[in-house]
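Source file protein05.csv; content: CSV, C-alpha atoms.
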```csv
chain,number,residue,atom,x,y,z
A,23,MET,CA,0.0,0.0,0.0
A,24,THR,CA,1.1,3.6,-0.6
A,25,SER,CA,2.2,4.9,2.8
A,26,LEU,CA,1.9,8.6,2.0
A,27,PRO,CA,-0.6,10.5,-0.2
A,28,PRO,CA,0.8,11.5,-3.7
A,29,GLN,CA,2.7,14.8,-3.8
A,30,ILE,CA,0.5,16.9,-6.1
A,31,ILE,CA,2.4,19.8,-7.6
A,32,TYR,CA,-0.2,21.1,-10.1
A,33,GLU,CA,-4.0,20.6,-10.3
A,34,ASP,CA,-6.9,22.0,-12.3
A,35,ASN,CA,-10.1,20.6,-13.8
A,36,HIS,CA,-8.3,18.9,-16.7
A,37,ILE,CA,-4.9,17.7,-15.5
A,38,LEU,CA,-2.9,16.6,-12.4
A,39,ALA,CA,0.8,16.6,-12.0
A,40,VAL,CA,2.5,14.6,-9.3
A,41,ASN,CA,6.0,14.5,-8.0
A,42,LYS,CA,6.5,10.7,-7.8
A,43,ARG,CA,8.7,9.4,-5.0
A,44,PRO,CA,11.2,6.6,-5.7
A,45,SER,CA,9.5,3.1,-5.3
A,46,GLU,CA,6.0,4.5,-6.0
A,47,LEU,CA,4.1,2.7,-8.8
A,48,VAL,CA,2.4,4.8,-11.4
A,49,GLN,CA,0.0,2.0,-12.5
A,50,GLY,CA,-0.7,-1.4,-11.0
A,51,ASP,CA,1.6,-4.3,-11.7
A,52,LYS,CA,2.1,-7.9,-10.7
A,53,THR,CA,3.4,-6.9,-7.2
A,54,GLY,CA,-0.1,-6.0,-6.2
A,55,ASP,CA,1.1,-2.7,-4.5
A,56,GLU,CA,-1.3,0.2,-4.7
A,57,PRO,CA,-0.5,2.4,-7.7
A,58,MET,CA,-0.5,6.2,-7.6
A,59,SER,CA,-3.5,6.2,-9.9
A,60,ASP,CA,-5.7,4.5,-7.3
A,61,ALA,CA,-4.6,6.9,-4.6
A,62,LEU,CA,-5.3,9.9,-6.8
A,63,LYS,CA,-8.7,8.7,-7.7
A,64,ARG,CA,-9.5,8.3,-4.0
A,65,TYR,CA,-8.1,11.9,-3.4
A,66,ILE,CA,-10.3,13.4,-6.2
A,67,LYS,CA,-13.4,11.5,-5.0
A,68,GLU,CA,-12.9,12.8,-1.4
A,69,LYS,CA,-11.9,16.3,-2.3
A,70,TYR,CA,-14.7,17.0,-4.7
A,71,ASP,CA,-17.3,14.7,-3.1
A,72,LYS,CA,-17.8,12.9,-6.4
A,73,PRO,CA,-20.5,10.2,-6.6
A,74,GLY,CA,-19.7,7.0,-8.5
A,75,GLY,CA,-16.4,6.3,-10.3
A,76,VAL,CA,-13.7,8.9,-10.8
A,77,TYR,CA,-12.0,9.3,-14.3
A,78,LEU,CA,-8.3,9.6,-14.3
A,79,GLY,CA,-6.1,8.8,-17.4
A,80,THR,CA,-2.4,8.0,-17.1
A,81,VAL,CA,-0.6,10.1,-19.7
A,82,HIS,CA,2.9,8.6,-19.3
A,83,ARG,CA,4.9,6.5,-16.8
A,84,ILE,CA,8.3,6.6,-15.3
A,85,ASP,CA,10.2,3.6,-13.9
A,86,ARG,CA,9.5,2.6,-10.3
A,87,PRO,CA,12.9,3.5,-8.9
A,88,VAL,CA,12.8,6.9,-10.6
A,89,SER,CA,11.4,10.0,-9.1
A,90,GLY,CA,9.8,13.1,-10.5
A,91,ILE,CA,6.9,14.5,-12.6
A,92,VAL,CA,4.1,12.3,-13.8
A,93,LEU,CA,1.1,13.7,-15.6
A,94,PHE,CA,-2.5,12.5,-15.3
A,95,ALA,CA,-5.6,13.6,-17.2
A,96,ARG,CA,-8.9,14.3,-15.4
A,97,THR,CA,-11.0,14.1,-18.6
A,98,SER,CA,-10.9,11.9,-21.6
A,99,LYS,CA,-10.6,15.0,-23.8
A,100,ALA,CA,-7.4,16.1,-22.0
A,101,LEU,CA,-6.0,12.5,-22.2
A,102,SER,CA,-6.6,12.3,-25.9
A,103,ARG,CA,-4.9,15.6,-26.6
A,104,LEU,CA,-2.0,14.9,-24.3
A,105,ASN,CA,-1.4,11.5,-25.9
A,106,GLU,CA,-1.4,13.2,-29.3
A,107,MET,CA,1.1,15.8,-28.1
A,108,PHE,CA,3.4,13.0,-26.8
A,109,ARG,CA,3.2,11.2,-30.1
A,110,ASP,CA,3.9,14.5,-32.0
A,111,LYS,CA,6.9,15.2,-29.7
A,112,GLU,CA,5.3,18.5,-28.5
A,113,ILE,CA,6.0,17.8,-24.9
A,114,GLN,CA,9.5,18.4,-23.7
A,115,LYS,CA,10.8,16.5,-20.6
A,116,THR,CA,13.9,17.4,-18.7
A,117,TYR,CA,15.6,14.9,-16.4
A,118,TRP,CA,18.4,15.1,-13.8
A,119,ALA,CA,20.8,12.2,-13.3
A,120,VAL,CA,23.7,11.6,-10.9
A,121,VAL,CA,26.5,9.6,-12.2
A,122,LYS,CA,29.9,8.6,-10.8
A,123,ASN,CA,31.9,8.6,-14.0
A,124,LYS,CA,32.4,12.0,-15.7
A,125,PRO,CA,31.3,12.2,-19.4
A,126,GLN,CA,34.3,12.9,-21.7
A,127,LYS,CA,32.5,16.0,-23.0
A,128,PRO,CA,30.7,18.6,-20.9
A,129,SER,CA,27.7,18.3,-23.2
A,130,GLY,CA,26.7,16.2,-26.2
A,131,ALA,CA,24.1,14.2,-28.0
A,132,LEU,CA,23.7,10.4,-27.7
A,133,ILE,CA,22.3,8.3,-30.5
A,134,HIS,CA,21.8,4.6,-30.0
A,135,TYR,CA,19.6,1.8,-31.2
A,136,LEU,CA,17.8,0.1,-28.4
A,137,LYS,CA,16.4,-3.4,-28.3
A,138,LYS,CA,14.2,-4.5,-25.4
A,139,ASN,CA,14.5,-7.9,-23.7
A,140,GLU,CA,11.0,-8.5,-22.4
A,141,ALA,CA,12.0,-11.5,-20.2
A,142,LYS,CA,14.6,-9.5,-18.3
A,143,ASN,CA,12.8,-6.1,-18.5
A,144,MET,CA,16.0,-4.5,-19.9
A,145,SER,CA,17.1,-2.8,-23.0
A,146,LYS,CA,20.4,-3.1,-24.8
A,147,ALA,CA,22.1,-0.3,-26.7
A,148,PHE,CA,23.8,-0.7,-30.1
A,149,ASP,CA,25.8,1.9,-32.0
A,150,LYS,CA,24.3,0.8,-35.3
A,151,GLU,CA,20.8,-0.3,-36.3
A,152,GLN,CA,20.1,-4.0,-35.7
A,153,PRO,CA,17.0,-6.1,-36.3
A,154,GLY,CA,14.3,-5.2,-33.8
A,155,THR,CA,16.0,-2.0,-32.5
A,156,LEU,CA,14.5,1.5,-32.1
A,157,LYS,CA,16.5,4.7,-32.7
A,158,SER,CA,17.0,6.6,-29.4
A,159,GLU,CA,18.3,10.1,-29.0
A,160,LEU,CA,19.0,12.4,-26.1
A,161,ASP,CA,21.0,15.5,-25.3
A,162,TYR,CA,22.9,15.9,-22.0
A,163,LYS,CA,25.0,18.5,-20.2
A,164,ILE,CA,26.9,18.5,-16.9
A,165,LEU,CA,25.3,20.9,-14.5
A,166,PHE,CA,27.8,20.4,-11.6
A,167,SER,CA,30.6,18.1,-10.5
A,168,SER,CA,31.6,17.2,-7.0
A,169,ASP,CA,34.7,15.2,-6.1
A,170,ASN,CA,32.8,11.9,-6.5
A,171,TYR,CA,29.7,12.5,-8.6
A,172,HIS,CA,28.4,14.5,-11.5
A,173,LEU,CA,24.9,16.0,-12.0
A,174,LEU,CA,23.7,15.8,-15.6
A,175,GLU,CA,20.7,17.4,-17.2
A,176,ILE,CA,19.1,15.3,-19.9
A,177,ASN,CA,16.6,16.1,-22.6
A,178,PRO,CA,15.3,12.9,-24.3
A,179,HIS,CA,14.0,13.3,-27.9
A,180,THR,CA,12.5,9.8,-28.0
A,181,GLY,CA,10.6,7.8,-25.4
A,182,ARG,CA,12.2,4.3,-25.4
A,183,HIS,CA,12.2,1.7,-22.7
A,184,HIS,CA,14.7,2.6,-20.0
A,185,GLN,CA,16.2,5.0,-22.5
A,186,ILE,CA,18.2,7.4,-20.3
A,187,ARG,CA,19.4,4.6,-18.1
A,188,VAL,CA,20.7,2.4,-20.9
A,189,GLN,CA,22.1,5.3,-23.0
A,190,LEU,CA,24.1,6.8,-20.1
A,191,SER,CA,25.4,3.4,-19.2
A,192,ALA,CA,26.4,2.9,-22.8
A,193,MET,CA,28.4,6.1,-22.6
A,194,GLY,CA,30.2,4.7,-19.5
A,195,CYS,CA,28.2,6.7,-17.0
A,196,PRO,CA,25.7,4.5,-15.3
A,197,ILE,CA,23.3,6.2,-12.9
A,198,LYS,CA,24.0,6.0,-9.2
A,199,GLY,CA,22.2,3.0,-7.7
A,200,ASP,CA,21.2,1.5,-11.0
A,201,LEU,CA,22.5,-2.0,-10.7
A,202,LYS,CA,20.5,-3.1,-13.7
A,203,TYR,CA,22.6,-0.9,-16.0
A,204,GLY,CA,26.1,-1.2,-14.5
A,205,PHE,CA,26.4,0.8,-11.3
A,206,ASN,CA,28.4,-1.1,-8.7
A,207,ARG,CA,26.0,-0.9,-5.7
A,208,SER,CA,22.4,-0.2,-5.0
A,209,ASN,CA,20.9,2.7,-3.1
A,210,GLU,CA,19.6,1.7,0.4
A,211,ASN,CA,16.0,2.5,-0.5
A,212,GLY,CA,16.1,0.8,-3.9
A,213,SER,CA,15.9,4.1,-5.8
A,214,ILE,CA,18.2,5.3,-8.6
A,215,HIS,CA,19.4,8.9,-8.9
A,216,LEU,CA,17.3,9.7,-11.9
A,217,HIS,CA,14.6,12.4,-11.5
A,218,ALA,CA,12.0,13.8,-14.0
A,219,ARG,CA,12.7,17.4,-13.2
A,220,GLN,CA,10.7,19.5,-15.6
A,221,ILE,CA,8.0,19.2,-18.2
A,222,ASP,CA,7.0,21.9,-20.8
A,223,PHE,CA,3.8,21.7,-22.9
A,224,ILE,CA,0.8,23.5,-24.1
A,225,HIS,CA,-2.2,23.0,-21.8
A,226,PRO,CA,-4.6,20.6,-23.6
A,227,VAL,CA,-7.7,22.7,-23.0
A,228,LYS,CA,-6.6,26.2,-21.9
A,229,LYS,CA,-3.9,26.3,-24.6
A,230,GLU,CA,-1.5,28.1,-22.3
A,231,ALA,CA,2.2,27.4,-22.1
A,232,MET,CA,2.9,25.2,-19.1
A,233,ARG,CA,6.1,24.6,-17.2
A,234,ILE,CA,6.0,22.3,-14.2
A,235,VAL,CA,9.0,21.7,-12.1
A,236,ALA,CA,9.5,19.0,-9.4
A,237,ASP,CA,12.1,19.1,-6.6
A,238,PRO,CA,14.3,15.9,-6.3
A,239,PRO,CA,13.9,13.6,-3.3
A,240,ASP,CA,15.1,14.7,0.1
A,241,ASP,CA,18.4,12.8,0.3
A,242,PRO,CA,22.0,14.0,1.1
A,243,LEU,CA,23.3,13.8,-2.5
A,244,TRP,CA,20.3,15.5,-4.2
A,245,ASN,CA,20.3,18.1,-1.4
A,246,TYR,CA,24.1,18.8,-2.0
A,247,PHE,CA,23.5,19.4,-5.7
A,248,ARG,CA,20.5,21.6,-5.1
A,249,LYS,CA,22.6,23.7,-2.7
A,250,GLN,CA,25.4,24.1,-5.3
A,251,LEU,CA,22.8,25.2,-7.8
A,252,ALA,CA,21.1,27.5,-5.3
A,253,ILE,CA,17.6,26.1,-5.8
```
Once you've parsed the file, please lay out its structure as structure tokens.
Amino acid sequence: MTSLPPQIIYEDNHILAVNKRPSELVQGDKTGDEPMSDALKRYIKEKYDKPGGVYLGTVHRIDRPVSGIVLFARTSKALSRLNEMFRDKEIQKTYWAVVKNKPQKPSGALIHYLKKNEAKNMSKAFDKEQPGTLKSELDYKILFSSDNYHLLEINPHTGRHHQIRVQLSAMGCPIKGDLKYGFNRSNENGSIHLHARQIDFIHPVKKEAMRIVADPPDDPLWNYFRKQLAI
């Protein structure tokens, strides 16, 4: 069960934005743990005293050990428009990642061809197109470096399975805590240091430019980088 109510960072009649904690589920899976979507439906039902069922559409998901912004739609109209915007790449997502190995360049573009292994729930990166691969692109830049770790800002241009995790690993910079993609030890709470920091889009109904920003989790390393960036 979800131990704490979801951290809502934006809400109107059409959309909800939540700052997901590491380990929270966006939608139900085989674990049987309560997903965020169920907790949010309960919140809406109670807050607005809604009779009957509550509509809530999941626009996109982020991996369970990842933190940060997740968008939900409160109407089918908003869900349809947001889904279309994602397909048309009209929604820009910005991530932060903490890595131990410093990239060779302070900024750059990564292009790989990813192939998903369903049985292992992993993706593998290839430098050239292979049968069954999907082209994956992202840009990164170093925001700050400490003695031991480096904070990267990442803008993915495609939405592939585990894309940021596998592409940074392929560059030789696995994300802190990400055992699945080559980091040498796990984080105590099972999280990885990857955070969906910002999302930019046009509101699906109001047609206004939206920018939603989510603070990273309260942990010593994230807090250190926030202090260095004065945020």
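When CA of Ser129 (chain A) is paired with CA of His179 (chain A), their separation reads 15.3 Å.
Between Ile31 (chain A) and the residues A:Ala231, A:Ile197, A:Val92, A:Leu104, the shortest atom-to-atom distance, using all atoms listed in the file, involves A:Val92.
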Within 6 Å of region 208-221 of chain A using all atoms listed in the file, minus same-chain residues under 6 positions, as a PyMOL selection string: chain A and resi 44+87-91+114-120+198-201+233-236
Selected residues written out, C-alpha atoms, as a short mmCIF file (atom, residue, chain, number, x, y, z; two decimals), keeping the file's coordinate frame:
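Once written, part.cif looks like this:
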```cif
data_model
loop_
_atom_site.label_atom_id
_atom_site.label_comp_id
_atom_site.auth_asym_id
_atom_site.auth_seq_id
_atom_site.Cartn_x
_atom_site.Cartn_y
_atom_site.Cartn_z
CA PRO A 44 11.20 6.60 -5.70
CA PRO A 87 12.90 3.50 -8.90
CA VAL A 88 12.80 6.90 -10.60
CA SER A 89 11.40 10.00 -9.10
CA GLY A 90 9.80 13.10 -10.50
CA ILE A 91 6.90 14.50 -12.60
CA GLN A 114 9.50 18.40 -23.70
CA LYS A 115 10.80 16.50 -20.60
CA THR A 116 13.90 17.40 -18.70
CA TYR A 117 15.60 14.90 -16.40
CA TRP A 118 18.40 15.10 -13.80
CA ALA A 119 20.80 12.20 -13.30
CA VAL A 120 23.70 11.60 -10.90
CA LYS A 198 24.00 6.00 -9.20
CA GLY A 199 22.20 3.00 -7.70
CA ASP A 200 21.20 1.50 -11.00
CA LEU A 201 22.50 -2.00 -10.70
CA ARG A 233 6.10 24.60 -17.20
CA ILE A 234 6.00 22.30 -14.20
CA VAL A 235 9.00 21.70 -12.10
CA ALA A 236 9.50 19.00 -9.40
#
```
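Distance annotation: of A:Pro178, A:Gly194, A:Gly204, A:Leu165, the residue with the minimal separation from Leu251 (chain A) is A:Leu165; atom set is only C-alpha atoms.
The two atoms in question, CA of Tyr65 (chain A) and CA of Pro27 (chain A), are spaced 8.3 Å apart.
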Within 12 Å of Ala192 (chain A) using all atoms listed in the file, minus same-chain residues under 4 positions, as a VMD selection string: chain A and resid 123 125 132 to 136 145 to 149 185 to 188 196 to 197 203 to 205
CA of Glu151 (chain A) to CA of His184 (chain A), distance in Å rounded to a single decimal: 17.6 Å
Residues within 12 Å of Asp55 (chain A), all atoms listed in the file, excluding chain neighbours under 2 positions, as an NGL selection string: :A and (23-25 or 45-53 or 57-61 or 86)
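Using only C-alpha atoms, the smallest distance between any of A:Leu243, A:Pro153, A:Lys202, A:Gln29 and Asn170 (chain A) comes from A:Leu243.
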Shell of 7 Å around Thr80 (chain A), all atoms listed in the file, local chain residues under 2 positions omitted, as a ChimeraX atom specification: /A:78,82,93-95
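Ranking A:His183, A:His172, A:Lys124, A:Arg109 by their shortest atom-to-atom distance to Met144 (chain A), with all atoms listed in the file included, puts A:His183 first.
In this comparison, which uses all atoms listed in the file, the residue of A:Asp237, A:Ser167, A:Trp244, A:Ala131 approaching Leu190 (chain A) most closely is A:Ala131.
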Can you tell me, as a PDB file with C-alpha atoms, keeping the file's coordinate frame, what residues are no more than 9 Å from region 33-36 of chain A when counting all atoms listed in the file, ignoring any on the same chain fewer than 2 positions away?
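File produced: result19.pdb:
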```
ATOM      1  CA  ILE A  30       0.500  16.900  -6.100  1.00  0.00           C
ATOM      2  CA  ILE A  31       2.400  19.800  -7.600  1.00  0.00           C
ATOM      3  CA  LEU A  38      -2.900  16.600 -12.400  1.00  0.00           C
ATOM      4  CA  ALA A  39       0.800  16.600 -12.000  1.00  0.00           C
ATOM      5  CA  VAL A  40       2.500  14.600  -9.300  1.00  0.00           C
ATOM      6  CA  PHE A  94      -2.500  12.500 -15.300  1.00  0.00           C
ATOM      7  CA  ALA A  95      -5.600  13.600 -17.200  1.00  0.00           C
ATOM      8  CA  ARG A  96      -8.900  14.300 -15.400  1.00  0.00           C
ATOM      9  CA  THR A  97     -11.000  14.100 -18.600  1.00  0.00           C
ATOM     10  CA  SER A  98     -10.900  11.900 -21.600  1.00  0.00           C
ATOM     11  CA  LYS A  99     -10.600  15.000 -23.800  1.00  0.00           C
ATOM     12  CA  ALA A 100      -7.400  16.100 -22.000  1.00  0.00           C
ATOM     13  CA  LEU A 101      -6.000  12.500 -22.200  1.00  0.00           C
ATOM     14  CA  HIS A 225      -2.200  23.000 -21.800  1.00  0.00           C
ATOM     15  CA  PRO A 226      -4.600  20.600 -23.600  1.00  0.00           C
ATOM     16  CA  VAL A 227      -7.700  22.700 -23.000  1.00  0.00           C
TER      17      VAL A 227
END
```
Completion step: region 45-69 of chain A with N, CA and C atoms as a PDB file, keeping the file's coordinate frame:
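Result written to out32.pdb:
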```
ATOM      1  N   SER A  45      10.206   4.366  -5.777  1.00  0.00           N
ATOM      2  CA  SER A  45       9.500   3.100  -5.300  1.00  0.00           C
ATOM      3  C   SER A  45       8.009   3.199  -5.532  1.00  0.00           C
ATOM      4  N   GLU A  46       7.432   4.392  -5.760  1.00  0.00           N
ATOM      5  CA  GLU A  46       6.000   4.500  -6.000  1.00  0.00           C
ATOM      6  C   GLU A  46       5.684   3.919  -7.408  1.00  0.00           C
ATOM      7  N   LEU A  47       4.557   3.237  -7.508  1.00  0.00           N
ATOM      8  CA  LEU A  47       4.100   2.700  -8.800  1.00  0.00           C
ATOM      9  C   LEU A  47       3.150   3.732  -9.423  1.00  0.00           C
ATOM     10  N   VAL A  48       3.298   3.947 -10.725  1.00  0.00           N
ATOM     11  CA  VAL A  48       2.400   4.800 -11.400  1.00  0.00           C
ATOM     12  C   VAL A  48       1.067   4.068 -11.707  1.00  0.00           C
ATOM     13  N   GLN A  49       1.181   2.871 -12.243  1.00  0.00           N
ATOM     14  CA  GLN A  49       0.000   2.000 -12.500  1.00  0.00           C
ATOM     15  C   GLN A  49       0.267   0.645 -11.875  1.00  0.00           C
ATOM     16  N   GLY A  50      -0.811  -0.106 -11.666  1.00  0.00           N
ATOM     17  CA  GLY A  50      -0.700  -1.400 -11.000  1.00  0.00           C
ATOM     18  C   GLY A  50       0.153  -2.382 -11.802  1.00  0.00           C
ATOM     19  N   ASP A  51       0.811  -3.286 -11.083  1.00  0.00           N
ATOM     20  CA  ASP A  51       1.600  -4.300 -11.700  1.00  0.00           C
ATOM     21  C   ASP A  51       1.455  -5.635 -10.937  1.00  0.00           C
ATOM     22  N   LYS A  52       2.273  -6.611 -11.246  1.00  0.00           N
ATOM     23  CA  LYS A  52       2.100  -7.900 -10.700  1.00  0.00           C
ATOM     24  C   LYS A  52       2.448  -7.962  -9.152  1.00  0.00           C
ATOM     25  N   THR A  53       3.072  -6.886  -8.618  1.00  0.00           N
ATOM     26  CA  THR A  53       3.400  -6.900  -7.200  1.00  0.00           C
ATOM     27  C   THR A  53       2.113  -6.743  -6.346  1.00  0.00           C
ATOM     28  N   GLY A  54       1.075  -6.167  -6.922  1.00  0.00           N
ATOM     29  CA  GLY A  54      -0.100  -6.000  -6.200  1.00  0.00           C
ATOM     30  C   GLY A  54      -0.094  -4.723  -5.264  1.00  0.00           C
ATOM     31  N   ASP A  55       1.024  -3.974  -5.282  1.00  0.00           N
ATOM     32  CA  ASP A  55       1.100  -2.700  -4.500  1.00  0.00           C
ATOM     33  C   ASP A  55       0.155  -1.701  -5.061  1.00  0.00           C
ATOM     34  N   GLU A  56      -0.355  -0.843  -4.185  1.00  0.00           N
ATOM     35  CA  GLU A  56      -1.300   0.200  -4.700  1.00  0.00           C
ATOM     36  C   GLU A  56      -0.605   1.181  -5.566  1.00  0.00           C
ATOM     37  N   PRO A  57      -1.130   1.392  -6.761  1.00  0.00           N
ATOM     38  CA  PRO A  57      -0.500   2.400  -7.700  1.00  0.00           C
ATOM     39  C   PRO A  57      -0.987   3.796  -7.311  1.00  0.00           C
ATOM     40  N   MET A  58      -0.201   4.745  -7.746  1.00  0.00           N
ATOM     41  CA  MET A  58      -0.500   6.200  -7.600  1.00  0.00           C
ATOM     42  C   MET A  58      -1.873   6.515  -8.151  1.00  0.00           C
ATOM     43  N   SER A  59      -2.210   5.906  -9.289  1.00  0.00           N
ATOM     44  CA  SER A  59      -3.500   6.200  -9.900  1.00  0.00           C
ATOM     45  C   SER A  59      -4.665   5.939  -9.026  1.00  0.00           C
ATOM     46  N   ASP A  60      -4.603   4.846  -8.270  1.00  0.00           N
ATOM     47  CA  ASP A  60      -5.700   4.500  -7.300  1.00  0.00           C
ATOM     48  C   ASP A  60      -5.769   5.541  -6.205  1.00  0.00           C
ATOM     49  N   ALA A  61      -4.616   5.903  -5.658  1.00  0.00           N
ATOM     50  CA  ALA A  61      -4.600   6.900  -4.600  1.00  0.00           C
ATOM     51  C   ALA A  61      -5.116   8.236  -5.034  1.00  0.00           C
ATOM     52  N   LEU A  62      -4.802   8.622  -6.273  1.00  0.00           N
ATOM     53  CA  LEU A  62      -5.300   9.900  -6.800  1.00  0.00           C
ATOM     54  C   LEU A  62      -6.777   9.891  -7.054  1.00  0.00           C
ATOM     55  N   LYS A  63      -7.296   8.772  -7.537  1.00  0.00           N
ATOM     56  CA  LYS A  63      -8.700   8.700  -7.700  1.00  0.00           C
ATOM     57  C   LYS A  63      -9.468   8.829  -6.384  1.00  0.00           C
ATOM     58  N   ARG A  64      -8.916   8.216  -5.358  1.00  0.00           N
ATOM     59  CA  ARG A  64      -9.500   8.300  -4.000  1.00  0.00           C
ATOM     60  C   ARG A  64      -9.435   9.785  -3.537  1.00  0.00           C
ATOM     61  N   TYR A  65      -8.310  10.451  -3.791  1.00  0.00           N
ATOM     62  CA  TYR A  65      -8.100  11.900  -3.400  1.00  0.00           C
ATOM     63  C   TYR A  65      -9.185  12.742  -4.106  1.00  0.00           C
ATOM     64  N   ILE A  66      -9.351  12.549  -5.420  1.00  0.00           N
ATOM     65  CA  ILE A  66     -10.300  13.400  -6.200  1.00  0.00           C
ATOM     66  C   ILE A  66     -11.733  13.110  -5.677  1.00  0.00           C
ATOM     67  N   LYS A  67     -12.056  11.855  -5.450  1.00  0.00           N
ATOM     68  CA  LYS A  67     -13.400  11.500  -5.000  1.00  0.00           C
ATOM     69  C   LYS A  67     -13.719  12.177  -3.649  1.00  0.00           C
ATOM     70  N   GLU A  68     -12.734  12.163  -2.751  1.00  0.00           N
ATOM     71  CA  GLU A  68     -12.900  12.800  -1.400  1.00  0.00           C
ATOM     72  C   GLU A  68     -12.946  14.288  -1.490  1.00  0.00           C
ATOM     73  N   LYS A  69     -12.011  14.871  -2.225  1.00  0.00           N
ATOM     74  CA  LYS A  69     -11.900  16.300  -2.300  1.00  0.00           C
ATOM     75  C   LYS A  69     -13.114  16.987  -2.893  1.00  0.00           C
TER      76      LYS A  69
END
```
